[in-house]
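Chemist: Data: target29.cif, mmCIF, C-alpha atoms and all ligand atoms.
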```cif
data_query
loop_
_atom_site.label_atom_id
_atom_site.label_comp_id
_atom_site.auth_asym_id
_atom_site.auth_seq_id
_atom_site.Cartn_x
_atom_site.Cartn_y
_atom_site.Cartn_z
CA MET B 977 -201.85 -205.51 -30.28
CA ALA B 978 -198.96 -203.77 -28.49
CA LEU B 979 -195.66 -205.07 -29.82
CA LYS B 980 -193.21 -206.42 -27.27
CA LEU B 981 -189.80 -204.97 -28.10
CA ARG B 982 -186.42 -205.57 -26.45
CA LYS B 983 -183.57 -203.21 -27.27
CA LEU B 984 -180.53 -204.91 -28.80
CA SER B 985 -177.90 -202.27 -28.10
CA TYR B 986 -177.46 -198.67 -27.04
CA ALA B 987 -176.99 -197.59 -30.65
CA LEU B 988 -179.73 -199.39 -32.56
CA GLY B 989 -181.87 -202.45 -32.99
CA ALA B 990 -184.76 -204.14 -31.22
CA GLU B 991 -185.97 -207.70 -30.93
CA VAL B 992 -189.63 -208.21 -31.71
CA CYS B 993 -190.76 -210.83 -29.19
CA GLY B 994 -193.51 -213.39 -29.65
CA VAL B 995 -194.25 -212.82 -33.34
CA ASP B 996 -194.39 -215.65 -35.89
CA VAL B 997 -193.87 -213.85 -39.20
CA ALA B 998 -195.47 -216.72 -41.14
CA MET B 999 -198.84 -216.29 -39.41
CA PRO B 1000 -201.52 -213.99 -40.85
CA MET B 1001 -200.82 -210.46 -39.61
CA SER B 1002 -203.23 -207.53 -39.56
CA GLU B 1003 -202.40 -204.21 -41.21
CA SER B 1004 -202.29 -202.57 -37.81
CA THR B 1005 -199.82 -205.11 -36.36
CA PHE B 1006 -197.60 -204.77 -39.41
CA GLY B 1007 -197.94 -200.98 -39.10
CA GLU B 1008 -196.50 -201.21 -35.57
CA ILE B 1009 -193.67 -203.42 -36.83
CA TYR B 1010 -192.88 -200.95 -39.59
CA GLN B 1011 -192.85 -198.01 -37.14
CA ALA B 1012 -190.45 -199.99 -34.94
CA PHE B 1013 -188.30 -200.68 -38.02
CA LEU B 1014 -188.12 -196.93 -38.75
CA GLY B 1015 -187.41 -196.12 -35.12
CA HIS B 1016 -184.78 -198.77 -34.32
CA GLY B 1017 -183.11 -199.34 -37.72
CA ILE B 1018 -182.89 -203.11 -37.14
CA LEU B 1019 -185.52 -205.63 -36.06
CA LEU B 1020 -184.74 -209.16 -34.92
CA PHE B 1021 -187.26 -212.00 -35.13
CA ARG B 1022 -185.95 -215.17 -33.42
CA ASP B 1023 -186.98 -218.79 -34.06
CA GLN B 1024 -188.56 -218.29 -37.48
CA ASP B 1025 -188.52 -221.86 -38.81
CA ILE B 1026 -190.32 -220.83 -41.99
CA THR B 1027 -190.21 -221.71 -45.68
CA ARG B 1028 -188.54 -219.65 -48.39
CA SER B 1029 -191.96 -218.61 -49.71
CA GLN B 1030 -192.97 -217.41 -46.23
CA HIS B 1031 -189.74 -215.41 -45.94
CA ILE B 1032 -190.53 -213.81 -49.30
CA GLU B 1033 -194.19 -213.17 -48.40
CA PHE B 1034 -193.32 -211.49 -45.09
CA SER B 1035 -190.64 -209.36 -46.80
CA ARG B 1036 -193.24 -208.14 -49.32
CA ARG B 1037 -195.06 -206.41 -46.47
CA PHE B 1038 -192.12 -203.95 -46.37
CA GLY B 1039 -192.30 -203.19 -50.10
CA ALA B 1040 -191.63 -204.57 -53.58
CA LEU B 1041 -188.72 -207.00 -53.74
CA ASP B 1042 -185.56 -206.85 -55.78
CA ARG B 1043 -185.14 -209.83 -58.13
CA HIS B 1044 -181.39 -209.30 -57.96
CA GLU B 1045 -180.88 -208.69 -61.69
CA THR B 1046 -177.71 -206.78 -60.73
CA LEU B 1047 -176.28 -209.86 -58.97
CA PRO B 1048 -177.49 -212.67 -61.27
CA ARG B 1049 -174.99 -215.30 -60.09
CA ASP B 1050 -175.89 -214.87 -56.43
CA ARG B 1051 -179.63 -215.53 -56.60
CA HIS B 1052 -181.36 -218.66 -55.42
CA PRO B 1053 -181.95 -220.80 -58.54
CA ASP B 1054 -185.70 -221.14 -57.88
CA HIS B 1055 -186.38 -217.86 -56.03
CA PRO B 1056 -184.81 -214.79 -57.66
CA GLU B 1057 -186.07 -212.73 -54.69
CA LEU B 1058 -183.53 -214.54 -52.49
CA LEU B 1059 -179.85 -213.64 -52.51
CA MET B 1060 -177.56 -216.39 -51.23
CA VAL B 1061 -174.84 -215.62 -48.71
CA THR B 1062 -173.24 -219.00 -48.17
CA ASN B 1063 -169.89 -220.71 -47.85
CA GLU B 1064 -171.37 -224.04 -48.93
CA PRO B 1065 -169.26 -225.30 -51.84
CA LYS B 1066 -170.95 -225.73 -55.22
CA PRO B 1067 -172.03 -229.22 -56.31
CA ASP B 1068 -168.73 -229.61 -58.24
CA GLY B 1069 -166.81 -228.91 -55.02
CA SER B 1070 -165.59 -225.44 -56.03
CA PRO B 1071 -165.98 -222.54 -53.54
CA SER B 1072 -169.25 -220.66 -53.35
CA ASP B 1073 -169.29 -217.33 -55.22
CA THR B 1074 -170.96 -215.69 -52.22
CA LYS B 1075 -168.54 -216.95 -49.59
CA TYR B 1076 -167.22 -213.43 -48.96
CA THR B 1077 -170.39 -211.44 -49.62
CA GLY B 1078 -170.73 -208.46 -47.31
CA ARG B 1079 -167.24 -208.61 -45.82
CA GLN B 1080 -166.80 -204.85 -45.98
CA TRP B 1081 -168.77 -201.91 -44.58
CA HIS B 1082 -171.62 -201.22 -46.97
CA SER B 1083 -175.30 -200.53 -47.47
CA ASP B 1084 -177.08 -202.99 -49.77
CA MET B 1085 -177.31 -202.02 -53.44
CA SER B 1086 -175.67 -198.60 -52.89
CA PHE B 1087 -173.87 -199.27 -56.19
CA THR B 1088 -177.15 -198.93 -58.10
CA THR B 1089 -179.40 -195.92 -58.70
CA GLY B 1090 -182.17 -197.79 -56.87
CA PRO B 1091 -180.44 -198.59 -53.56
CA SER B 1092 -182.33 -200.82 -51.21
CA LEU B 1093 -184.86 -199.65 -48.63
CA GLY B 1094 -184.08 -202.59 -46.39
CA SER B 1095 -183.01 -206.21 -46.23
CA LEU B 1096 -184.30 -209.27 -44.40
CA LEU B 1097 -181.58 -211.87 -43.81
CA LYS B 1098 -182.54 -215.34 -42.57
CA SER B 1099 -180.02 -217.74 -41.04
CA TYR B 1100 -180.26 -221.39 -42.07
CA GLU B 1101 -176.93 -222.69 -40.77
CA VAL B 1102 -174.58 -220.88 -38.44
CA PRO B 1103 -171.09 -221.85 -37.25
CA GLU B 1104 -170.55 -223.01 -33.68
CA VAL B 1105 -169.16 -219.58 -32.77
CA GLY B 1106 -168.75 -216.34 -34.73
CA GLY B 1107 -169.94 -215.46 -38.21
CA ASP B 1108 -171.39 -212.31 -36.64
CA THR B 1109 -172.63 -209.21 -38.46
CA LEU B 1110 -171.83 -205.67 -37.35
CA PHE B 1111 -174.23 -202.78 -37.89
CA ALA B 1112 -173.69 -199.03 -37.57
CA ASN B 1113 -176.29 -196.34 -36.88
CA MET B 1114 -175.59 -193.76 -39.58
CA TYR B 1115 -178.00 -191.16 -38.18
CA ALA B 1116 -176.02 -191.13 -34.94
CA ALA B 1117 -172.74 -191.05 -36.86
CA TYR B 1118 -173.92 -188.03 -38.87
CA ASP B 1119 -175.30 -186.21 -35.82
CA ALA B 1120 -171.97 -186.60 -33.97
CA LEU B 1121 -169.94 -184.84 -36.69
CA SER B 1122 -168.80 -181.26 -36.09
CA GLY B 1123 -170.59 -178.40 -37.85
CA GLY B 1124 -167.48 -177.84 -39.96
CA MET B 1125 -167.38 -181.44 -41.17
CA LYS B 1126 -171.13 -181.41 -41.89
CA LYS B 1127 -170.57 -178.34 -44.08
CA LEU B 1128 -167.58 -179.92 -45.83
CA ILE B 1129 -169.44 -183.10 -46.82
CA ALA B 1130 -172.89 -181.54 -47.44
CA ASP B 1131 -172.65 -181.61 -51.24
CA LEU B 1132 -170.20 -184.46 -51.77
CA HIS B 1133 -171.12 -187.56 -53.73
CA GLY B 1134 -169.26 -190.83 -53.20
CA ILE B 1135 -168.63 -193.15 -56.15
CA HIS B 1136 -169.81 -196.65 -55.15
CA LEU B 1137 -168.52 -199.79 -56.88
CA SER B 1138 -170.07 -203.26 -56.79
CA GLY B 1139 -168.10 -206.37 -55.94
CA THR B 1140 -166.44 -208.00 -52.98
CA ARG B 1141 -162.97 -207.31 -51.66
CA LYS B 1142 -161.88 -210.95 -51.74
CA LEU B 1143 -162.48 -213.47 -54.55
CA ALA B 1144 -163.78 -216.85 -53.39
CA ASN B 1145 -162.74 -218.56 -56.58
CA GLU B 1146 -159.84 -217.43 -58.77
CA THR B 1147 -161.46 -218.52 -62.06
CA THR B 1148 -165.18 -217.88 -61.67
CA GLY B 1149 -164.41 -214.97 -59.30
CA ILE B 1150 -162.57 -213.00 -61.99
CA VAL B 1151 -165.32 -213.69 -64.56
CA ARG B 1152 -167.90 -212.65 -61.95
CA ALA B 1153 -166.00 -209.46 -61.09
CA GLU B 1154 -165.77 -208.50 -64.79
CA GLU B 1155 -169.49 -209.22 -65.23
CA GLN B 1156 -170.26 -207.09 -62.16
CA LYS B 1157 -168.35 -204.17 -63.63
CA ARG B 1158 -170.29 -204.48 -66.89
CA ILE B 1159 -173.73 -204.75 -65.28
CA ASN B 1160 -173.08 -202.17 -62.58
CA PRO B 1161 -171.18 -199.09 -63.71
CA PRO B 1162 -169.95 -196.85 -60.85
CA VAL B 1163 -172.74 -194.87 -59.21
CA ALA B 1164 -172.45 -191.58 -57.32
CA GLN B 1165 -174.50 -191.31 -54.12
CA PRO B 1166 -174.86 -188.35 -51.78
CA VAL B 1167 -172.58 -188.71 -48.75
CA VAL B 1168 -175.37 -187.22 -46.64
CA ARG B 1169 -178.67 -188.84 -47.44
CA VAL B 1170 -182.02 -187.61 -46.24
CA HIS B 1171 -184.10 -190.60 -45.21
CA PRO B 1172 -187.21 -190.46 -47.43
CA GLU B 1173 -189.58 -191.49 -44.63
CA THR B 1174 -188.16 -190.01 -41.40
CA GLY B 1175 -186.63 -186.89 -43.00
CA ARG B 1176 -183.49 -187.38 -40.87
CA LYS B 1177 -179.97 -187.02 -42.27
CA ALA B 1178 -177.70 -190.06 -42.29
CA LEU B 1179 -174.13 -190.62 -43.45
CA TYR B 1180 -174.13 -192.73 -46.60
CA ILE B 1181 -170.59 -193.98 -46.94
CA GLY B 1182 -168.71 -197.29 -46.71
CA GLU B 1183 -165.89 -199.35 -48.10
CA LYS B 1184 -167.46 -199.64 -51.55
CA VAL B 1185 -166.84 -195.89 -51.98
CA LYS B 1186 -163.67 -195.41 -53.99
CA ARG B 1187 -163.57 -191.63 -54.34
CA PHE B 1188 -165.73 -188.51 -54.31
CA ASP B 1189 -167.19 -187.27 -57.59
CA GLY B 1190 -164.87 -184.60 -59.03
CA MET B 1191 -161.93 -185.69 -56.88
CA SER B 1192 -159.09 -188.21 -57.32
CA GLU B 1193 -158.79 -191.39 -55.24
CA GLU B 1194 -155.70 -189.97 -53.57
CA GLU B 1195 -157.56 -186.82 -52.53
CA SER B 1196 -160.68 -188.71 -51.43
CA GLN B 1197 -159.27 -191.67 -49.52
CA PRO B 1198 -158.26 -189.91 -46.28
CA LEU B 1199 -161.75 -188.45 -45.85
CA ILE B 1200 -163.47 -191.73 -46.79
CA ASP B 1201 -161.28 -193.54 -44.25
CA TYR B 1202 -162.04 -190.94 -41.60
CA LEU B 1203 -165.81 -191.12 -42.15
CA VAL B 1204 -165.87 -194.93 -42.06
CA ARG B 1205 -163.69 -194.95 -38.91
CA HIS B 1206 -165.90 -192.30 -37.32
CA ALA B 1207 -169.13 -194.18 -38.14
CA THR B 1208 -167.85 -197.49 -36.80
CA GLN B 1209 -166.96 -196.36 -33.28
CA PRO B 1210 -168.39 -198.73 -30.64
CA GLU B 1211 -171.09 -196.32 -29.51
CA PHE B 1212 -172.74 -196.44 -32.95
CA LEU B 1213 -172.65 -200.25 -33.30
CA TYR B 1214 -174.67 -203.38 -32.77
CA ARG B 1215 -173.02 -206.78 -33.22
CA HIS B 1216 -175.41 -209.57 -34.08
CA GLN B 1217 -174.58 -213.10 -32.95
CA TRP B 1218 -176.64 -215.34 -35.16
CA ARG B 1219 -178.78 -218.26 -34.10
CA LYS B 1220 -180.36 -220.61 -36.60
CA ASN B 1221 -183.74 -219.30 -37.84
CA ASP B 1222 -183.12 -215.66 -37.00
CA ILE B 1223 -184.56 -213.08 -39.35
CA LEU B 1224 -182.89 -209.72 -39.12
CA ALA B 1225 -184.49 -206.79 -40.96
CA TRP B 1226 -182.45 -203.61 -41.37
CA ASP B 1227 -183.02 -200.19 -42.91
CA ASN B 1228 -180.31 -199.64 -45.53
CA ARG B 1229 -181.03 -195.91 -45.64
CA CYS B 1230 -179.70 -195.26 -42.14
CA VAL B 1231 -177.71 -198.40 -41.24
CA MET B 1232 -174.56 -199.88 -42.77
CA HIS B 1233 -173.25 -203.34 -42.03
CA GLN B 1234 -170.39 -205.77 -42.44
CA ALA B 1235 -170.30 -209.58 -42.27
CA LEU B 1236 -167.35 -210.66 -40.14
CA GLY B 1237 -165.10 -213.54 -41.06
CA ASP B 1238 -164.69 -214.47 -37.38
CA PHE B 1239 -165.45 -218.17 -37.71
CA ASP B 1240 -164.08 -221.56 -38.70
CA GLU B 1241 -164.52 -221.63 -42.49
CA THR B 1242 -164.82 -225.44 -42.45
CA GLN B 1243 -168.18 -224.95 -40.73
CA LEU B 1244 -171.27 -223.99 -42.66
CA ARG B 1245 -172.67 -220.46 -42.61
CA HIS B 1246 -175.72 -220.27 -44.84
CA MET B 1247 -177.93 -217.17 -45.04
CA GLU B 1248 -180.55 -216.01 -47.53
CA ARG B 1249 -181.59 -212.41 -48.01
CA THR B 1250 -184.55 -210.59 -49.48
CA THR B 1251 -183.84 -207.04 -50.58
CA ILE B 1252 -186.59 -204.40 -50.52
CA LEU B 1253 -186.49 -201.95 -53.40
CA GLY B 1254 -185.90 -198.36 -52.41
CA THR B 1255 -186.54 -194.99 -54.00
CA PRO B 1256 -184.18 -193.70 -56.73
CA SER B 1257 -180.96 -192.12 -55.48
CA GLY B 1258 -177.69 -191.04 -57.10
CA TYR B 1259 -176.55 -191.08 -60.72
CA VAL B 1260 -174.28 -193.13 -62.95
CA ALA B 1261 -170.81 -191.63 -62.71
CA THR B 1262 -168.99 -190.89 -65.94
C1 LIG B 1301 -175.07 -208.92 -46.46
O1 LIG B 1301 -174.21 -208.08 -46.63
O2 LIG B 1301 -176.21 -208.74 -46.85
C2 LIG B 1301 -174.74 -210.20 -45.74
C3 LIG B 1301 -174.47 -209.99 -44.30
C4 LIG B 1301 -174.08 -211.25 -43.58
O3 LIG B 1301 -173.89 -212.29 -44.21
O4 LIG B 1301 -173.95 -211.21 -42.36
#
```
Can the structure in the file be given as structure tokens, please?
Ligand code: SIN
Modeler:
Amino acid sequence: MALKLRKLSYALGAEVCGVDVAMPMSESTFGEIYQAFLGHGILLFRDQDITRSQHIEFSRRFGALDRHETLPRDRHPDHPELLMVTNEPKPDGSPSDTKYTGRQWHSDMSFTTGPSLGSLLKSYEVPEVGGDTLFANMYAAYDALSGGMKKLIADLHGIHLSGTRKLANETTGIVRAEEQKRINPPVAQPVVRVHPETGRKALYIGEKVKRFDGMSEEESQPLIDYLVRHATQPEFLYRHQWRKNDILAWDNRCVMHQALGDFDETQLRHMERTTILGTPSGYVAT
């Protein structure tokens, strides 16, 4: 079967049209989907009114799934393969711990030595307007750097920290942040990562990077800021406007993303994500 693809933006992404991911799928059809995933960095599947188990089963076609041991508070209580990203208050009325998940430029699980291959995020409830997600093509961002900058960053490693910028809940948020620090010590990742499947170089940076290994925060910050600003220029971006029952799959090895807070927080935004395990990368920073 020839896949019907529709490009999502100049920079990256394609919609896969007419595929129900819950239906049996041959190896060759999935092979085409996976090639499109490698080629476009993001794939969108619309109108996927499927169960959690079907979301998990389809995700397994991409590779083994993370059980989110590094983010134990954020997992679905019955499905550890699903990471919650929701602003739905807890049963006791307190704010959700994952209300601000993803609100900074990042690549999933970069703060571990097994950063993710890719993620599949499904939308269950979306606000009337906004709640968009921005994505950046990090191959294109790397390619557009000058030769001098490519040389300068070639051997740098960025120290990635876990955690969100904003705490949803003053009490449980602080406990959660402390727990995160304990479970996830800082990890150094190459600033230029070679994609293990395509062999292409991509920038591997973001707002979870606090400094470069062997350098102080003060020395590192201007270059980190420059690289993030460079990579997030409009020509490298795709902005996803969610509809209920979208599944968006992205390649964390060449795409970074940020959830935007551009919506009315009294409205529900409820997403669930599977995270595909990637190959080892980086080292625990001392
Ligand atoms: C994430 O960072 O995985 C969540 C992105 C989003 O909620 O849009």
Chemist: Neighbouring residues of B:Val1105 were defined as those with any atom within 12 Å, considering all atoms listed in the file; residues of the same chain fewer than 5 positions away were excluded. Please report them as a PyMOL selection string.
Modeler: chain B and resi 1216-1220+1236-1241+1243-1245
Chemist: Taking 6 positions as the minimum chain separation for residues in the same chain, which residues sit within 12 Å of B:Leu1097 when counting all atoms listed in the file? Answer as an MDAnalysis selection string.
Modeler: chainID B and resid 1018:1022 1024 1028 1031:1032 1034:1035 1057:1062 1078 1084 1109 1216 1218:1227 1235 1246:1252
Chemist: Go ahead and save the picked residues with C-alpha atoms, as a PDB file, in the frame of the given file.
Modeler:
```
ATOM      1  CA  ILE B1018    -182.890-203.110 -37.140  1.00  0.00           C
ATOM      2  CA  LEU B1019    -185.520-205.630 -36.060  1.00  0.00           C
ATOM      3  CA  LEU B1020    -184.740-209.160 -34.920  1.00  0.00           C
ATOM      4  CA  PHE B1021    -187.260-212.000 -35.130  1.00  0.00           C
ATOM      5  CA  ARG B1022    -185.950-215.170 -33.420  1.00  0.00           C
ATOM      6  CA  GLN B1024    -188.560-218.290 -37.480  1.00  0.00           C
ATOM      7  CA  ARG B1028    -188.540-219.650 -48.390  1.00  0.00           C
ATOM      8  CA  HIS B1031    -189.740-215.410 -45.940  1.00  0.00           C
ATOM      9  CA  ILE B1032    -190.530-213.810 -49.300  1.00  0.00           C
ATOM     10  CA  PHE B1034    -193.320-211.490 -45.090  1.00  0.00           C
ATOM     11  CA  SER B1035    -190.640-209.360 -46.800  1.00  0.00           C
ATOM     12  CA  GLU B1057    -186.070-212.730 -54.690  1.00  0.00           C
ATOM     13  CA  LEU B1058    -183.530-214.540 -52.490  1.00  0.00           C
ATOM     14  CA  LEU B1059    -179.850-213.640 -52.510  1.00  0.00           C
ATOM     15  CA  MET B1060    -177.560-216.390 -51.230  1.00  0.00           C
ATOM     16  CA  VAL B1061    -174.840-215.620 -48.710  1.00  0.00           C
ATOM     17  CA  THR B1062    -173.240-219.000 -48.170  1.00  0.00           C
ATOM     18  CA  GLY B1078    -170.730-208.460 -47.310  1.00  0.00           C
ATOM     19  CA  ASP B1084    -177.080-202.990 -49.770  1.00  0.00           C
ATOM     20  CA  THR B1109    -172.630-209.210 -38.460  1.00  0.00           C
ATOM     21  CA  HIS B1216    -175.410-209.570 -34.080  1.00  0.00           C
ATOM     22  CA  TRP B1218    -176.640-215.340 -35.160  1.00  0.00           C
ATOM     23  CA  ARG B1219    -178.780-218.260 -34.100  1.00  0.00           C
ATOM     24  CA  LYS B1220    -180.360-220.610 -36.600  1.00  0.00           C
ATOM     25  CA  ASN B1221    -183.740-219.300 -37.840  1.00  0.00           C
ATOM     26  CA  ASP B1222    -183.120-215.660 -37.000  1.00  0.00           C
ATOM     27  CA  ILE B1223    -184.560-213.080 -39.350  1.00  0.00           C
ATOM     28  CA  LEU B1224    -182.890-209.720 -39.120  1.00  0.00           C
ATOM     29  CA  ALA B1225    -184.490-206.790 -40.960  1.00  0.00           C
ATOM     30  CA  TRP B1226    -182.450-203.610 -41.370  1.00  0.00           C
ATOM     31  CA  ASP B1227    -183.020-200.190 -42.910  1.00  0.00           C
ATOM     32  CA  ALA B1235    -170.300-209.580 -42.270  1.00  0.00           C
ATOM     33  CA  HIS B1246    -175.720-220.270 -44.840  1.00  0.00           C
ATOM     34  CA  MET B1247    -177.930-217.170 -45.040  1.00  0.00           C
ATOM     35  CA  GLU B1248    -180.550-216.010 -47.530  1.00  0.00           C
ATOM     36  CA  ARG B1249    -181.590-212.410 -48.010  1.00  0.00           C
ATOM     37  CA  THR B1250    -184.550-210.590 -49.480  1.00  0.00           C
ATOM     38  CA  THR B1251    -183.840-207.040 -50.580  1.00  0.00           C
ATOM     39  CA  ILE B1252    -186.590-204.400 -50.520  1.00  0.00           C
TER      40      ILE B1252
END
```
Chemist: In Å, rounded to a single decimal, give me how far atom CA of B:Gln1165 is from atom CA of B:Pro1048.
Modeler: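 It comes out at 22.7 Å.
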Chemist: Using only C-alpha atoms and all ligand atoms, find the one residue out of B:Met1191, B:Met1114, B:Leu981, B:Val1231 that sits nearest to ligand LIG 1301 (chain B).
Modeler: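 Closest to ligand LIG 1301 (chain B) of all the choices is B:Val1231.
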Chemist: Under the rule that only C-alpha atoms are counted, which of B:Val1168, B:Val997, B:Leu1137, B:Leu988 is the nearest residue to B:Lys1186?
Modeler: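 Closest to B:Lys1186, using only C-alpha atoms: B:Leu1137.
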Chemist: May I ask which of the residues B:Lys1126, B:Lys1075, B:Lys1177, B:His1082 is the closest one to B:Thr1208, counting all atoms listed in the file?
Modeler: B:His1082
Chemist: List as number ranges by chain the protein and nucleic acid residues near B:Ile1129, meaning an atom at most 10 Å away when only C-alpha atoms are counted, but skip any in the same chain fewer than 3 places from it.
Modeler: B: 1124-1126, 1132-1133, 1166-1168, 1179, 1188, 1199, 1203
Chemist: Go through B:Ala1130, B:Val1185, B:Ile1159, B:Leu1110 one by one, measure the shortest atom-to-atom distance of each to ligand LIG 1301 (chain B) using all atoms listed in the file, and give the residue with the smallest value.
Modeler: B:Leu1110
Chemist: With all atoms listed in the file as the basis for distance, which of B:Pro1172, B:Leu1096, B:Thr1074, B:Gly1069 is at the shortest distance from B:Asp1050?
Modeler: B:Thr1074
Chemist: Pick out the closest residue to B:Glu1104 from this set: B:Ile1150, B:Thr1242, B:Gly1258, B:Asp1131. Count all atoms listed in the file.
Modeler: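 That would be B:Thr1242, the residue with the smallest distance to B:Glu1104.
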Chemist: Do a neighbour search on B:Gly1017 at 12 Å with all atoms listed in the file, toss out local chain neighbours closer than 2 positions, and write the hits as a tab-separated table (two decimals) with C-alpha atoms, in the frame of the given file.
Modeler:
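The result, stored in part-v4.tsv:
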```
chain	number	residue	atom	x	y	z
B	983	LYS	CA	-183.57	-203.21	-27.27
B	984	LEU	CA	-180.53	-204.91	-28.80
B	985	SER	CA	-177.90	-202.27	-28.10
B	987	ALA	CA	-176.99	-197.59	-30.65
B	988	LEU	CA	-179.73	-199.39	-32.56
B	989	GLY	CA	-181.87	-202.45	-32.99
B	990	ALA	CA	-184.76	-204.14	-31.22
B	991	GLU	CA	-185.97	-207.70	-30.93
B	1009	ILE	CA	-193.67	-203.42	-36.83
B	1010	TYR	CA	-192.88	-200.95	-39.59
B	1011	GLN	CA	-192.85	-198.01	-37.14
B	1012	ALA	CA	-190.45	-199.99	-34.94
B	1013	PHE	CA	-188.30	-200.68	-38.02
B	1014	LEU	CA	-188.12	-196.93	-38.75
B	1015	GLY	CA	-187.41	-196.12	-35.12
B	1019	LEU	CA	-185.52	-205.63	-36.06
B	1020	LEU	CA	-184.74	-209.16	-34.92
B	1093	LEU	CA	-184.86	-199.65	-48.63
B	1094	GLY	CA	-184.08	-202.59	-46.39
B	1095	SER	CA	-183.01	-206.21	-46.23
B	1111	PHE	CA	-174.23	-202.78	-37.89
B	1112	ALA	CA	-173.69	-199.03	-37.57
B	1113	ASN	CA	-176.29	-196.34	-36.88
B	1114	MET	CA	-175.59	-193.76	-39.58
B	1115	TYR	CA	-178.00	-191.16	-38.18
B	1116	ALA	CA	-176.02	-191.13	-34.94
B	1171	HIS	CA	-184.10	-190.60	-45.21
B	1174	THR	CA	-188.16	-190.01	-41.40
B	1178	ALA	CA	-177.70	-190.06	-42.29
B	1212	PHE	CA	-172.74	-196.44	-32.95
B	1213	LEU	CA	-172.65	-200.25	-33.30
B	1214	TYR	CA	-174.67	-203.38	-32.77
B	1224	LEU	CA	-182.89	-209.72	-39.12
B	1225	ALA	CA	-184.49	-206.79	-40.96
B	1226	TRP	CA	-182.45	-203.61	-41.37
B	1227	ASP	CA	-183.02	-200.19	-42.91
B	1228	ASN	CA	-180.31	-199.64	-45.53
B	1229	ARG	CA	-181.03	-195.91	-45.64
B	1230	CYS	CA	-179.70	-195.26	-42.14
B	1231	VAL	CA	-177.71	-198.40	-41.24
B	1232	MET	CA	-174.56	-199.88	-42.77
B	1233	HIS	CA	-173.25	-203.34	-42.03
```
Chemist: At what distance in Å, to one decimal, does atom CA of B:Arg1215 lie from atom CA of B:Gln1197?
Modeler: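 Interatomic distance, atom CA of B:Gln1197 to atom CA of B:Arg1215: 26.1 Å.
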Chemist: What is the distance between atom CA of B:Tyr1180 and atom CA of B:His1055, in Å to one decimal?
Modeler: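 About the pair atom CA of B:Tyr1180 and atom CA of B:His1055: they are 29.5 Å apart.
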Chemist: To test the calculation: enclose all listed atoms of stretch 1192-1205 of chain B in a box whose edges run along x, y and z, add 4 Å on each side, then state centre and edge lengths in Å to one decimal, as lines of an AutoDock Vina configuration file.
Modeler:
```
center_x = -160.8
center_y = -190.9
center_z = -48.1
size_x = 18.2
size_y = 16.1
size_z = 26.4
```
Chemist: Within 9 Å of B:Ala1164, counting all atoms listed in the file, which residues qualify if same-chain residues fewer than 4 places away don't, as a PyMOL selection string?
Modeler: chain B and resi 1086-1089+1133-1136+1185+1188-1189+1257-1261
Chemist: Keeping only C-alpha atoms, take the residues you just selected and write them out as a PDB file, in the frame of the given file.
Modeler:
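Result saved to selection.pdb:
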```pdb
ATOM      1  CA  SER B1086    -175.670-198.600 -52.890  1.00  0.00           C
ATOM      2  CA  PHE B1087    -173.870-199.270 -56.190  1.00  0.00           C
ATOM      3  CA  THR B1088    -177.150-198.930 -58.100  1.00  0.00           C
ATOM      4  CA  THR B1089    -179.400-195.920 -58.700  1.00  0.00           C
ATOM      5  CA  HIS B1133    -171.120-187.560 -53.730  1.00  0.00           C
ATOM      6  CA  GLY B1134    -169.260-190.830 -53.200  1.00  0.00           C
ATOM      7  CA  ILE B1135    -168.630-193.150 -56.150  1.00  0.00           C
ATOM      8  CA  HIS B1136    -169.810-196.650 -55.150  1.00  0.00           C
ATOM      9  CA  VAL B1185    -166.840-195.890 -51.980  1.00  0.00           C
ATOM     10  CA  PHE B1188    -165.730-188.510 -54.310  1.00  0.00           C
ATOM     11  CA  ASP B1189    -167.190-187.270 -57.590  1.00  0.00           C
ATOM     12  CA  SER B1257    -180.960-192.120 -55.480  1.00  0.00           C
ATOM     13  CA  GLY B1258    -177.690-191.040 -57.100  1.00  0.00           C
ATOM     14  CA  TYR B1259    -176.550-191.080 -60.720  1.00  0.00           C
ATOM     15  CA  VAL B1260    -174.280-193.130 -62.950  1.00  0.00           C
ATOM     16  CA  ALA B1261    -170.810-191.630 -62.710  1.00  0.00           C
TER      17      ALA B1261
END
```
Chemist: Taking the partial coordinates given, rebuild stretch 982-988 of chain B to contain N, CA and C atoms; return it as a PDB file, in the frame of the given file.
Modeler:
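Dumped to rebuild.pdb:
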```pdb
ATOM      1  N   ARG B 982    -187.566-205.547 -27.379  1.00  0.00           N
ATOM      2  CA  ARG B 982    -186.420-205.570 -26.450  1.00  0.00           C
ATOM      3  C   ARG B 982    -185.250-204.945 -27.169  1.00  0.00           C
ATOM      4  N   LYS B 983    -184.677-203.898 -26.585  1.00  0.00           N
ATOM      5  CA  LYS B 983    -183.570-203.210 -27.270  1.00  0.00           C
ATOM      6  C   LYS B 983    -182.365-204.135 -27.408  1.00  0.00           C
ATOM      7  N   LEU B 984    -181.685-204.039 -28.550  1.00  0.00           N
ATOM      8  CA  LEU B 984    -180.530-204.910 -28.800  1.00  0.00           C
ATOM      9  C   LEU B 984    -179.215-204.263 -28.402  1.00  0.00           C
ATOM     10  N   SER B 985    -179.129-202.957 -28.502  1.00  0.00           N
ATOM     11  CA  SER B 985    -177.900-202.270 -28.100  1.00  0.00           C
ATOM     12  C   SER B 985    -178.247-200.817 -27.826  1.00  0.00           C
ATOM     13  N   TYR B 986    -177.274-200.100 -27.282  1.00  0.00           N
ATOM     14  CA  TYR B 986    -177.460-198.670 -27.040  1.00  0.00           C
ATOM     15  C   TYR B 986    -177.717-197.953 -28.359  1.00  0.00           C
ATOM     16  N   ALA B 987    -176.986-198.349 -29.395  1.00  0.00           N
ATOM     17  CA  ALA B 987    -176.990-197.590 -30.650  1.00  0.00           C
ATOM     18  C   ALA B 987    -178.221-197.838 -31.519  1.00  0.00           C
ATOM     19  N   LEU B 988    -178.621-199.082 -31.638  1.00  0.00           N
ATOM     20  CA  LEU B 988    -179.730-199.390 -32.560  1.00  0.00           C
ATOM     21  C   LEU B 988    -180.209-200.821 -32.363  1.00  0.00           C
TER      22      LEU B 988
END
```
